file start.txt (compact mmCIF, C-alpha atoms and all ligand atoms)
# COMPACT_ATOMS: atom_id res chain seq x y z
CA MET Q 1 -10.77 9.53 0.14
CA ASN Q 2 -10.73 12.39 -2.31
CA PHE Q 3 -7.64 12.47 -4.52
CA ASP Q 4 -8.59 15.67 -6.36
CA PHE Q 5 -6.93 18.97 -5.62
CA THR Q 6 -9.11 22.06 -5.61
CA GLU Q 7 -8.67 24.83 -8.16
CA ASP Q 8 -7.00 26.85 -5.42
CA HIS Q 9 -4.51 24.08 -4.66
CA LEU Q 10 -3.56 23.85 -8.31
CA MET Q 11 -3.23 27.63 -8.60
CA ILE Q 12 -0.89 27.76 -5.58
CA ARG Q 13 1.16 24.86 -6.92
CA ASP Q 14 1.45 26.48 -10.35
CA SER Q 15 2.41 29.87 -9.00
CA ALA Q 16 5.10 28.30 -6.79
CA ARG Q 17 6.34 26.35 -9.81
CA GLU Q 18 6.47 29.43 -12.02
CA PHE Q 19 8.22 31.45 -9.35
CA ALA Q 20 10.77 28.70 -8.68
CA GLN Q 21 11.60 28.23 -12.32
CA ALA Q 22 11.79 31.92 -13.18
CA GLU Q 23 13.34 33.39 -10.04
CA ILE Q 24 15.23 30.62 -8.24
CA THR Q 25 16.73 28.51 -11.03
CA PRO Q 26 19.16 31.12 -12.41
CA SER Q 27 21.20 31.49 -9.19
CA THR Q 28 20.95 27.97 -7.76
CA ILE Q 29 24.33 26.57 -8.84
CA GLU Q 30 26.28 29.66 -7.89
CA ARG Q 31 24.63 29.96 -4.48
CA ASP Q 32 25.36 26.30 -3.80
CA ILE Q 33 29.04 26.75 -4.67
CA ASN Q 34 29.42 29.97 -2.69
CA ALA Q 35 27.10 28.95 0.15
CA GLU Q 36 25.27 32.23 -0.39
CA PHE Q 37 21.99 32.97 1.39
CA PRO Q 38 19.18 33.81 -1.10
CA ALA Q 39 18.05 37.04 0.60
CA ASP Q 40 16.34 38.52 -2.50
CA ILE Q 41 14.47 35.29 -3.22
CA VAL Q 42 13.25 35.02 0.37
CA LYS Q 43 12.04 38.62 0.18
CA LYS Q 44 10.06 37.89 -3.00
CA LEU Q 45 8.65 34.69 -1.49
CA GLY Q 46 7.39 36.84 1.37
CA GLU Q 47 5.77 39.33 -1.00
CA LEU Q 48 3.95 36.44 -2.70
CA GLY Q 49 2.64 35.09 0.60
CA PHE Q 50 4.83 31.96 0.72
CA MET Q 51 6.51 32.73 4.05
CA GLY Q 52 3.33 32.65 6.15
CA MET Q 53 1.15 30.40 4.06
CA MET Q 54 -1.01 28.91 6.82
CA VAL Q 55 -1.25 32.00 9.03
CA PRO Q 56 -4.71 33.65 9.02
CA PRO Q 57 -4.92 36.91 7.04
CA GLU Q 58 -5.58 38.96 10.22
CA TYR Q 59 -2.01 38.09 11.22
CA GLY Q 60 -0.52 38.87 7.85
CA GLY Q 61 -0.62 35.35 6.39
CA ALA Q 62 -2.14 33.81 3.28
CA GLY Q 63 -4.71 31.77 5.24
CA LEU Q 64 -4.14 28.61 3.19
CA ASP Q 65 -4.27 24.97 4.23
CA THR Q 66 -1.41 22.53 4.80
CA ILE Q 67 -2.06 20.79 1.47
CA SER Q 68 -1.38 24.06 -0.37
CA TYR Q 69 1.77 24.47 1.69
CA VAL Q 70 2.98 20.96 0.78
CA LEU Q 71 2.32 21.53 -2.92
CA ALA Q 72 4.17 24.85 -2.91
CA LEU Q 73 7.12 23.51 -0.93
CA ILE Q 74 7.53 20.57 -3.31
CA GLU Q 75 7.77 23.00 -6.24
CA ILE Q 76 10.27 25.27 -4.50
CA SER Q 77 12.43 22.35 -3.31
CA LYS Q 78 12.35 20.77 -6.75
CA VAL Q 79 14.41 23.71 -7.90
CA ASP Q 80 16.36 24.49 -4.72
CA ALA Q 81 16.02 22.59 -1.45
CA SER Q 82 17.99 25.32 0.36
CA VAL Q 83 15.19 27.77 -0.34
CA GLY Q 84 12.80 24.99 0.67
CA VAL Q 85 14.21 24.66 4.16
CA ILE Q 86 14.28 28.43 4.74
CA MET Q 87 10.60 28.57 3.80
CA SER Q 88 9.78 25.47 5.83
CA VAL Q 89 11.36 26.72 9.07
CA ASN Q 90 9.62 30.09 8.82
CA ASN Q 91 6.22 28.56 8.02
CA SER Q 92 6.01 25.33 9.97
CA LEU Q 93 8.12 25.99 13.01
CA VAL Q 94 8.16 29.72 13.61
CA CYS Q 95 4.83 31.06 12.27
CA PHE Q 96 2.91 27.98 13.40
CA GLY Q 97 4.48 28.18 16.85
CA LEU Q 98 3.57 31.85 17.27
CA GLU Q 99 0.06 31.46 15.90
CA GLU Q 100 -0.69 28.47 18.11
CA TYR Q 101 1.08 29.51 21.31
CA GLY Q 102 1.78 33.25 21.11
CA SER Q 103 0.07 35.88 23.26
CA ASP Q 104 -1.81 38.71 21.53
CA TYR Q 105 1.26 40.88 22.10
CA ILE Q 106 3.55 38.34 20.42
CA LYS Q 107 1.19 37.84 17.50
CA GLU Q 108 0.86 41.57 16.88
CA LYS Q 109 4.53 42.38 17.26
CA TYR Q 110 6.24 39.33 15.79
CA LEU Q 111 3.86 37.06 13.88
CA ILE Q 112 2.57 39.70 11.48
CA PRO Q 113 5.97 40.70 10.04
CA LEU Q 114 7.09 37.05 9.98
CA ALA Q 115 3.98 35.92 8.11
CA LYS Q 116 4.33 38.80 5.64
CA GLY Q 117 7.93 37.78 5.02
CA GLU Q 118 9.21 41.16 6.20
CA LYS Q 119 11.13 39.38 8.96
CA LEU Q 120 12.66 35.92 9.09
CA GLY Q 121 12.45 33.41 11.92
CA ALA Q 122 14.61 30.64 13.35
CA PHE Q 123 13.87 27.74 15.69
CA ALA Q 124 16.59 27.01 18.23
CA LEU Q 125 16.27 23.69 20.01
CA SER Q 126 19.49 21.76 19.29
CA GLU Q 127 22.56 22.12 21.46
CA PRO Q 128 25.98 20.47 21.34
CA GLU Q 129 24.77 17.94 23.90
CA ALA Q 130 21.06 17.95 23.11
CA GLY Q 131 20.27 16.71 19.60
CA SER Q 132 18.02 13.67 19.33
CA ASP Q 133 17.57 13.82 23.08
CA ALA Q 134 16.21 17.34 23.25
CA THR Q 135 15.30 16.95 26.92
CA LYS Q 136 18.94 17.63 27.85
CA GLN Q 137 18.79 21.40 27.38
CA LYS Q 138 21.72 23.19 29.01
CA THR Q 139 20.81 26.71 27.95
CA THR Q 140 19.25 28.42 30.95
CA ALA Q 141 16.79 31.29 31.29
CA ASP Q 142 16.67 32.65 34.85
CA LYS Q 143 13.82 34.98 35.72
CA GLU Q 144 14.92 38.30 37.23
CA GLY Q 145 12.04 40.74 37.64
CA ASP Q 146 10.51 41.42 34.24
CA TYR Q 147 13.31 39.68 32.34
CA TYR Q 148 14.74 36.28 31.57
CA ILE Q 149 18.54 36.12 31.60
CA LEU Q 150 19.68 33.59 29.01
CA ASN Q 151 23.01 31.77 29.09
CA GLY Q 152 24.18 28.92 26.89
CA MET Q 153 24.57 27.81 23.31
CA LYS Q 154 22.53 26.42 20.45
CA ASN Q 155 23.95 24.77 17.36
CA TRP Q 156 22.92 23.87 13.82
CA ILE Q 157 20.35 26.68 13.66
CA THR Q 158 18.81 27.17 10.21
CA ASN Q 159 18.51 30.87 9.24
CA GLY Q 160 21.04 31.33 12.07
CA THR Q 161 22.72 34.55 10.93
CA SER Q 162 19.91 35.78 8.67
CA ALA Q 163 16.91 35.59 11.00
CA ASP Q 164 15.42 38.52 12.90
CA TYR Q 165 13.53 36.51 15.54
CA TYR Q 166 14.57 33.27 17.26
CA LEU Q 167 12.40 30.84 19.21
CA VAL Q 168 14.81 29.61 21.86
CA MET Q 169 14.19 26.60 24.10
CA ALA Q 170 15.86 27.09 27.49
CA THR Q 171 15.66 25.63 30.98
CA THR Q 172 13.78 27.87 33.40
CA ASP Q 173 13.60 25.28 36.20
CA LYS Q 174 16.31 22.61 36.28
CA SER Q 175 14.59 20.63 39.04
CA LYS Q 176 11.68 19.79 36.72
CA GLY Q 177 13.72 18.13 33.94
CA HIS Q 178 12.08 18.59 30.55
CA HIS Q 179 8.97 20.02 32.27
CA GLY Q 180 11.23 22.91 33.25
CA ILE Q 181 12.00 23.95 29.65
CA SER Q 182 10.39 27.11 28.22
CA THR Q 183 10.31 28.83 24.83
CA ILE Q 184 11.44 32.45 24.69
CA LEU Q 185 11.46 34.70 21.65
CA VAL Q 186 14.80 36.47 21.26
CA GLU Q 187 15.34 39.33 18.83
CA LYS Q 188 18.50 39.74 16.81
CA GLY Q 189 20.53 42.55 18.38
CA MET Q 190 19.48 41.92 21.97
CA GLU Q 191 22.44 42.42 24.25
CA GLY Q 192 24.38 39.23 25.00
CA PHE Q 193 23.03 37.40 21.93
CA GLY Q 194 25.55 36.37 19.28
CA HIS Q 195 26.22 33.76 16.66
CA GLY Q 196 29.12 31.62 15.48
CA LYS Q 197 30.40 31.23 11.93
CA LYS Q 198 28.25 29.72 9.22
CA GLU Q 199 28.67 25.95 8.89
CA ASP Q 200 30.35 24.72 5.70
CA LYS Q 201 27.85 22.03 4.79
CA LEU Q 202 27.64 19.04 2.45
CA GLY Q 203 24.26 20.10 1.07
CA ILE Q 204 21.53 22.76 1.32
CA ARG Q 205 24.57 25.00 1.18
CA SER Q 206 22.81 28.23 0.43
CA SER Q 207 20.73 27.91 3.59
CA ASP Q 208 22.43 29.50 6.55
CA THR Q 209 23.27 27.26 9.52
CA CYS Q 210 25.21 28.40 12.57
CA SER Q 211 25.50 28.22 16.33
CA LEU Q 212 23.98 30.84 18.66
CA THR Q 213 25.42 32.08 21.92
CA PHE Q 214 23.73 33.69 24.92
CA GLN Q 215 25.77 35.49 27.54
CA ASN Q 216 23.56 37.14 30.13
CA CYS Q 217 21.14 37.92 27.32
CA LYS Q 218 18.24 39.92 28.77
CA VAL Q 219 14.82 39.17 27.25
CA PRO Q 220 11.48 40.58 28.48
CA VAL Q 221 9.26 38.03 30.25
CA LYS Q 222 6.45 38.96 27.84
CA ASN Q 223 8.45 37.18 25.11
CA LEU Q 224 7.60 33.81 26.69
CA LEU Q 225 5.55 31.53 24.47
CA TRP Q 226 2.68 29.44 25.82
CA GLU Q 227 3.53 28.96 29.53
CA ASP Q 228 6.60 28.54 31.68
CA GLY Q 229 7.64 24.85 31.54
CA LYS Q 230 5.82 24.14 28.25
CA GLY Q 231 8.86 24.60 26.01
CA PHE Q 232 9.49 20.92 25.39
CA ASN Q 233 5.87 20.33 24.40
CA PHE Q 234 6.01 23.46 22.27
CA ALA Q 235 9.05 22.11 20.42
CA MET Q 236 7.55 18.65 19.90
CA ASN Q 237 4.20 20.02 18.71
CA THR Q 238 5.75 22.42 16.23
CA LEU Q 239 8.17 19.74 14.97
CA ASN Q 240 5.20 17.48 14.17
CA GLY Q 241 4.04 20.00 11.59
CA GLY Q 242 7.64 20.74 10.59
CA ARG Q 243 8.06 17.13 9.52
CA ILE Q 244 5.33 17.55 6.91
CA GLY Q 245 7.39 20.43 5.51
CA ILE Q 246 10.61 18.39 5.44
CA ALA Q 247 8.75 15.51 3.79
CA ALA Q 248 7.61 17.96 1.09
CA GLN Q 249 11.17 19.23 0.71
CA ALA Q 250 12.39 15.64 0.24
CA ILE Q 251 9.67 14.92 -2.34
CA GLY Q 252 10.75 18.01 -4.29
CA ILE Q 253 14.32 16.68 -4.44
CA ALA Q 254 13.09 13.22 -5.48
CA GLU Q 255 10.91 14.70 -8.22
CA ALA Q 256 13.82 16.76 -9.52
CA SER Q 257 15.94 13.60 -9.61
CA LEU Q 258 13.32 11.75 -11.63
CA LYS Q 259 12.76 14.65 -14.01
CA ALA Q 260 16.48 15.01 -14.71
CA SER Q 261 16.81 11.24 -15.17
CA ILE Q 262 13.97 11.04 -17.69
CA LYS Q 263 15.44 13.91 -19.69
CA TYR Q 264 18.98 12.59 -19.66
CA SER Q 265 18.04 8.99 -20.41
CA LYS Q 266 16.21 10.12 -23.55
CA GLU Q 267 19.28 12.02 -24.76
CA ARG Q 268 22.21 9.76 -23.86
CA LYS Q 269 23.27 7.10 -26.30
CA ALA Q 270 25.21 3.91 -25.57
CA PHE Q 271 25.68 0.77 -27.66
CA GLY Q 272 23.87 2.53 -30.52
CA ASN Q 273 20.73 3.09 -28.45
CA THR Q 274 19.32 5.79 -26.22
CA ILE Q 275 19.75 4.51 -22.67
CA SER Q 276 16.01 5.01 -21.96
CA ASN Q 277 15.50 1.93 -24.13
CA PHE Q 278 17.41 -0.24 -21.68
CA GLN Q 279 15.21 -2.05 -19.22
CA ALA Q 280 17.70 -1.51 -16.39
CA ILE Q 281 17.21 2.25 -16.80
CA GLN Q 282 13.43 1.96 -17.24
CA PHE Q 283 13.13 -0.03 -14.01
CA LYS Q 284 14.99 2.67 -12.13
CA LEU Q 285 12.62 5.31 -13.52
CA SER Q 286 9.60 3.20 -12.58
CA ASP Q 287 10.89 2.60 -9.07
CA MET Q 288 11.52 6.31 -8.58
CA ALA Q 289 8.01 7.24 -9.77
CA VAL Q 290 6.33 4.68 -7.47
CA LYS Q 291 8.37 5.81 -4.47
CA ILE Q 292 7.56 9.48 -5.14
CA ASP Q 293 3.84 8.78 -5.37
CA GLY Q 294 3.98 6.76 -2.15
CA ALA Q 295 5.79 9.59 -0.39
CA LYS Q 296 3.24 12.10 -1.67
CA MET Q 297 0.33 9.99 -0.42
CA LEU Q 298 1.83 9.78 3.05
CA THR Q 299 2.64 13.47 3.16
CA LEU Q 300 -0.72 14.65 1.85
CA LYS Q 301 -2.46 12.31 4.30
CA ALA Q 302 -0.56 13.88 7.20
CA ALA Q 303 -1.39 17.36 5.81
CA ALA Q 304 -5.07 16.48 5.42
CA LEU Q 305 -5.26 15.18 9.00
CA LYS Q 306 -3.63 18.36 10.27
CA ASP Q 307 -6.09 20.49 8.28
CA ALA Q 308 -8.99 18.46 9.69
CA GLY Q 309 -7.77 19.17 13.23
CA LYS Q 310 -7.07 15.48 13.84
CA LYS Q 311 -4.01 13.81 15.39
CA TYR Q 312 -1.23 13.62 12.82
CA TYR Q 313 2.06 13.11 14.62
CA LYS Q 314 2.46 9.44 13.61
CA GLU Q 315 1.52 10.21 10.00
CA ALA Q 316 3.90 13.19 9.89
CA ALA Q 317 6.74 10.99 11.16
CA MET Q 318 5.86 8.32 8.56
CA ALA Q 319 5.80 10.94 5.81
CA LYS Q 320 9.19 12.33 6.81
CA LEU Q 321 10.79 8.92 7.32
CA TYR Q 322 9.68 7.60 3.96
CA SER Q 323 10.06 10.77 1.88
CA SER Q 324 13.60 11.41 3.12
CA LYS Q 325 14.61 7.79 2.47
CA ILE Q 326 13.29 7.79 -1.08
CA ALA Q 327 14.78 11.24 -1.78
CA VAL Q 328 18.25 9.81 -1.09
CA GLU Q 329 17.46 6.69 -3.14
CA CYS Q 330 16.09 8.68 -6.09
CA ALA Q 331 19.09 11.02 -6.07
CA LEU Q 332 21.46 8.03 -6.05
CA ASP Q 333 19.57 6.43 -8.94
CA ALA Q 334 19.68 9.72 -10.82
CA ILE Q 335 23.46 9.82 -10.45
CA GLN Q 336 23.72 6.24 -11.68
CA ILE Q 337 21.56 7.00 -14.72
CA HIS Q 338 23.77 10.00 -15.51
CA GLY Q 339 26.94 7.89 -15.28
CA GLY Q 340 30.06 10.06 -14.98
CA TYR Q 341 28.02 13.16 -15.75
CA GLY Q 342 26.07 12.52 -12.58
CA TYR Q 343 29.20 13.05 -10.58
CA VAL Q 344 29.84 16.65 -11.64
CA ARG Q 345 28.07 19.88 -10.71
CA GLU Q 346 26.91 20.80 -14.20
CA TYR Q 347 24.25 18.10 -14.29
CA LEU Q 348 22.70 19.04 -10.91
CA VAL Q 349 21.97 15.51 -9.70
CA GLU Q 350 25.04 15.40 -7.43
CA ARG Q 351 23.49 18.34 -5.56
CA TYR Q 352 20.22 16.49 -5.22
CA LEU Q 353 22.04 13.74 -3.34
CA ARG Q 354 23.89 16.23 -1.10
CA ASP Q 355 20.64 18.08 -0.41
CA ALA Q 356 18.58 14.92 0.11
CA LYS Q 357 20.79 13.54 2.87
CA ILE Q 358 19.92 16.25 5.39
CA THR Q 359 16.23 15.36 5.23
CA GLU Q 360 17.11 12.10 7.04
CA ILE Q 361 18.80 14.06 9.82
CA TYR Q 362 17.10 17.31 10.80
CA GLU Q 363 13.76 17.78 12.57
CA GLY Q 364 14.41 14.33 14.05
CA THR Q 365 16.65 11.69 12.45
CA SER Q 366 15.10 8.68 10.72
CA GLU Q 367 15.84 6.62 13.83
CA ILE Q 368 13.83 9.11 15.91
CA GLN Q 369 10.93 8.99 13.41
CA LYS Q 370 10.88 5.19 13.80
CA MET Q 371 10.76 5.60 17.57
CA ILE Q 372 7.81 8.01 17.27
CA ILE Q 373 5.94 5.68 14.90
CA ALA Q 374 6.61 2.61 17.07
CA ARG Q 375 5.46 4.42 20.22
CA ALA Q 376 2.26 5.49 18.50
CA LEU Q 377 1.62 1.92 17.30
CA LEU Q 378 2.19 0.47 20.73
CA ASP Q 379 -0.08 3.09 22.33
CA GLU Q 380 -2.93 2.50 19.87
CA LYS Q 381 -5.91 0.74 21.39
C1 LIG Q 401 21.92 21.56 8.28
C2 LIG Q 401 21.26 21.40 9.60
C3 LIG Q 401 20.23 22.26 9.96
C4 LIG Q 401 19.62 22.13 11.21
N1 LIG Q 401 18.67 23.05 11.60
C5 LIG Q 401 18.23 23.04 12.89
C6 LIG Q 401 17.39 24.10 13.38
O1 LIG Q 401 17.00 25.02 12.64
N2 LIG Q 401 17.03 24.09 14.68
C7 LIG Q 401 17.43 23.10 15.53
O2 LIG Q 401 17.08 23.16 16.70
N3 LIG Q 401 18.23 22.08 15.09
C8 LIG Q 401 18.63 22.03 13.81
N4 LIG Q 401 19.45 21.02 13.35
C9 LIG Q 401 19.86 19.97 14.28
C10 LIG Q 401 19.25 18.62 13.97
O3 LIG Q 401 17.88 18.62 14.28
C11 LIG Q 401 20.05 17.56 14.76
O4 LIG Q 401 21.32 17.47 14.13
C12 LIG Q 401 19.36 16.23 14.80
O5 LIG Q 401 18.20 16.30 15.60
C13 LIG Q 401 20.27 15.12 15.35
O6 LIG Q 401 20.91 15.52 16.51
P1 LIG Q 401 22.49 15.33 16.64
O7 LIG Q 401 23.13 15.93 15.45
O8 LIG Q 401 22.91 15.81 17.97
O9 LIG Q 401 22.72 13.75 16.55
P2 LIG Q 401 22.62 12.72 17.76
O10 LIG Q 401 21.41 12.94 18.56
O11 LIG Q 401 23.92 12.74 18.48
O12 LIG Q 401 22.49 11.35 16.98
C14 LIG Q 401 23.60 10.68 16.38
C15 LIG Q 401 23.08 9.37 15.78
O13 LIG Q 401 22.55 8.53 16.84
C16 LIG Q 401 21.20 8.17 16.54
N5 LIG Q 401 20.43 8.08 17.76
C17 LIG Q 401 20.33 8.99 18.76
N6 LIG Q 401 19.50 8.54 19.72
C18 LIG Q 401 19.04 7.34 19.30
C19 LIG Q 401 18.15 6.36 19.85
N7 LIG Q 401 17.54 6.55 21.00
N8 LIG Q 401 17.93 5.22 19.15
C20 LIG Q 401 18.53 5.01 17.95
N9 LIG Q 401 19.39 5.88 17.38
C21 LIG Q 401 19.64 7.03 18.05
C22 LIG Q 401 20.68 9.31 15.64
O14 LIG Q 401 19.56 8.88 14.88
C23 LIG Q 401 21.93 9.59 14.79
O15 LIG Q 401 22.00 8.64 13.77
C24 LIG Q 401 20.03 21.10 12.10
C25 LIG Q 401 21.04 20.22 11.71
C26 LIG Q 401 21.67 20.37 10.50
C27 LIG Q 401 22.81 19.45 10.15

call {"tool": "encode", "arguments": {"input": "start.txt", "output": "structure tokens"}}
result
Amino acid sequence: MNFDFTEDHLMIRDSAREFAQAEITPSTIERDINAEFPADIVKKLGELGFMGMMVPPEYGGAGLDTISYVLALIEISKVDASVGVIMSVNNSLVCFGLEEYGSDYIKEKYLIPLAKGEKLGAFALSEPEAGSDATKQKTTADKEGDYYILNGMKNWITNGTSADYYLVMATTDKSKGHHGISTILVEKGMEGFGHGKKEDKLGIRSSDTCSLTFQNCKVPVKNLLWEDGKGFNFAMNTLNGGRIGIAAQAIGIAEASLKASIKYSKERKAFGNTISNFQAIQFKLSDMAVKIDGAKMLTLKAAALKDAGKKYYKEAAMAKLYSSKIAVECALDAIQIHGGYGYVREYLVERYLRDAKITEIYEGTSEIQKMIIARALLDEK
């Protein structure tokens, strides 16, 4: 195994770090309080190539590998995990899905502006009655001539009101169960397509989450991705890569928790001593550092397998399961190290805990990751 990053990896990581610190930090607290979408930041991320990092240059992307993507996403999420998830959905779910399964028409028309960051994408799988069990899609897409007519509802959609293009999973043939689900690209503004109000969330508050509604929404058949009936596989395959992104987001939050804890523990005095001299505090810092390194190893391994064109779904699930768990633990430890100051907004660590929790829920809950890992283990020869 090679544990060295290339010069290019380090350059990408450093430019993401510089951007995050200079451009994202100043507005983070205010956007969290006001649940304000970071439109200007997303635009700049696009200009720098961070919204289509793994898309080949001929389709407007930066043509980088998954390791670069992980390193950049950690840096962005270290400063603001809301920006992290916006970037992750556009890169891992939307751009990847279009690059892998889009027709030439779809790539030309939709992938290029998405990869350049001129347009924003959303991935719409979840429904009120289809969360962990995504096979139970109630949204329908009936073929009438050259169009699909969509009816139904999606909920919890990241970039819900802000996106331009939506990858919507819908049932095209009820009789075939989950083999009758297809993925259709819907554009904002298409007749019959609407959205509900933005969710008032615990964390990642400046990301934009809402429900989507389809009432006789007419979408051209040429906006179908892959093939009719392949929508469930499409969703599962894209989510495999998405989990590497969410693992990176979680690692960013965990790293921010550790960094804040080291700084604070060197400043805070109690019983005539700086608290960093207390072994109870030191052990927390050590535990956090070990967990973060473990999470990074798992996540980079999944990324390396993906880059090598090998199977990575078990490793991606392991990376997400572990990174999200330790992100919550590190944020909790950071609050404890900060004492009362950890419980107020000014010291940031309370946000890290609120932001960390979602990484155990979306793109498959931790329970679902364990099911995926167990299935893979039991299937292994
Ligand atoms: C902020 C936010 C953003 C999101 N963004 C998106 C998005 O962009 N696109 C999208 O499609 N979805 C999105 N989601 C939806 C998210 O993926 C789902 O919430 C998640 O998959 C869980 O589904 P659910 O909420 O219906 O919970 P449920 O499926 O109802 O699960 C409830 C509980 O039961 C457990 N459970 C369920 N089945 C099993 C089982 N077989 N064994 C053991 N335990 C089980 C779950 O782990 C969970 O703890 C988002 C959600 C949130 C909150």

call {"tool": "closest_residue", "arguments": {"input": "start.txt", "among": "Q:Asn34, Q:Leu125, Q:Ala308, Q:Leu71", "to": "Q:Arg17", "atoms": "all atoms listed in the file"}}
result
Q:Leu71

call {"tool": "residues_around", "arguments": {"input": "start.txt", "residues": "stretch 314-318 of chain Q", "least_positions_apart": "5", "cutoff": "6 Å", "atoms": "all atoms listed in the file", "output": "ChimeraX atom specification"}}
result
/Q:243-244,302,369,373

call {"tool": "residues_around", "arguments": {"input": "start.txt", "residues": "stretch 321-326 of chain Q", "least_positions_apart": "3", "cutoff": "9 Å", "atoms": "all atoms listed in the file", "output": "NGL selection string"}}
result
:Q and (243 or 246-251 or 254 or 288 or 291-292 or 294-296 or 298-299 or 316-318 or 329-331 or 356-361 or 365-367 or 369-370)

call {"tool": "residues_around", "arguments": {"input": "start.txt", "residues": "stretch 96-108 of chain Q", "least_positions_apart": "3", "cutoff": "12 Å", "atoms": "all atoms listed in the file", "output": "PyMOL selection string"}}
result
chain Q and resi 51-61+63+66+88-93+111-115+121-123+165-168+182-187+220-228+230-231+233-242+245

call {"tool": "axis_aligned_box", "arguments": {"input": "start.txt", "around": "ligand LIG 401 (chain Q)", "padding_each_side": "4 Å", "output": "JSON"}}
result
{"center_x": 20.5, "center_y": 15.0, "center_z": 14.6, "size_x": 14.9, "size_y": 28.0, "size_z": 20.7}

call {"tool": "residues_around", "arguments": {"input": "start.txt", "residues": "stretch 140-152 of chain Q", "least_positions_apart": "2", "cutoff": "8 Å", "atoms": "only C-alpha atoms", "output": "PyMOL selection string"}}
result
chain Q and resi 137-138+154+170-172+213-222

call {"tool": "closest_residue", "arguments": {"input": "start.txt", "among": "Q:Ile253, Q:Leu10, Q:Ile41, Q:Ala134", "to": "ligand LIG 401 (chain Q)", "atoms": "all atoms listed in the file"}}
result
Q:Ala134

call {"tool": "closest_residue", "arguments": {"input": "start.txt", "among": "Q:Gly229, Q:Pro128, Q:Gly189, Q:Gly340", "to": "ligand LIG 401 (chain Q)", "atoms": "all atoms listed in the file"}}
result
Q:Pro128

call {"tool": "residues_around", "arguments": {"input": "start.txt", "residues": "stretch 74-86 of chain Q", "least_positions_apart": "5", "cutoff": "8 Å", "atoms": "only C-alpha atoms", "output": "tab-separated table (two decimals) with C-alpha atoms, in the frame of the given file"}}
result
chain	number	residue	atom	x	y	z
Q	13	ARG	CA	1.16	24.86	-6.92
Q	16	ALA	CA	5.10	28.30	-6.79
Q	17	ARG	CA	6.34	26.35	-9.81
Q	20	ALA	CA	10.77	28.70	-8.68
Q	21	GLN	CA	11.60	28.23	-12.32
Q	24	ILE	CA	15.23	30.62	-8.24
Q	25	THR	CA	16.73	28.51	-11.03
Q	28	THR	CA	20.95	27.97	-7.76
Q	38	PRO	CA	19.18	33.81	-1.10
Q	42	VAL	CA	13.25	35.02	0.37
Q	158	THR	CA	18.81	27.17	10.21
Q	159	ASN	CA	18.51	30.87	9.24
Q	204	ILE	CA	21.53	22.76	1.32
Q	205	ARG	CA	24.57	25.00	1.18
Q	206	SER	CA	22.81	28.23	0.43
Q	207	SER	CA	20.73	27.91	3.59
Q	246	ILE	CA	10.61	18.39	5.44
Q	248	ALA	CA	7.61	17.96	1.09
Q	249	GLN	CA	11.17	19.23	0.71
Q	250	ALA	CA	12.39	15.64	0.24
Q	251	ILE	CA	9.67	14.92	-2.34
Q	252	GLY	CA	10.75	18.01	-4.29
Q	253	ILE	CA	14.32	16.68	-4.44
Q	254	ALA	CA	13.09	13.22	-5.48
Q	255	GLU	CA	10.91	14.70	-8.22
Q	256	ALA	CA	13.82	16.76	-9.52
Q	355	ASP	CA	20.64	18.08	-0.41

call {"tool": "atom_distance", "arguments": {"input": "start.txt", "atom1": "atom CA of Q:Lys116", "atom2": "atom CA of Q:Gly364"}}
result
27.8 Å

call {"tool": "atom_distance", "arguments": {"input": "start.txt", "atom1": "atom C19 of ligand LIG 401 (chain Q)", "atom2": "atom CA of Q:Leu212"}}
result
25.2 Å
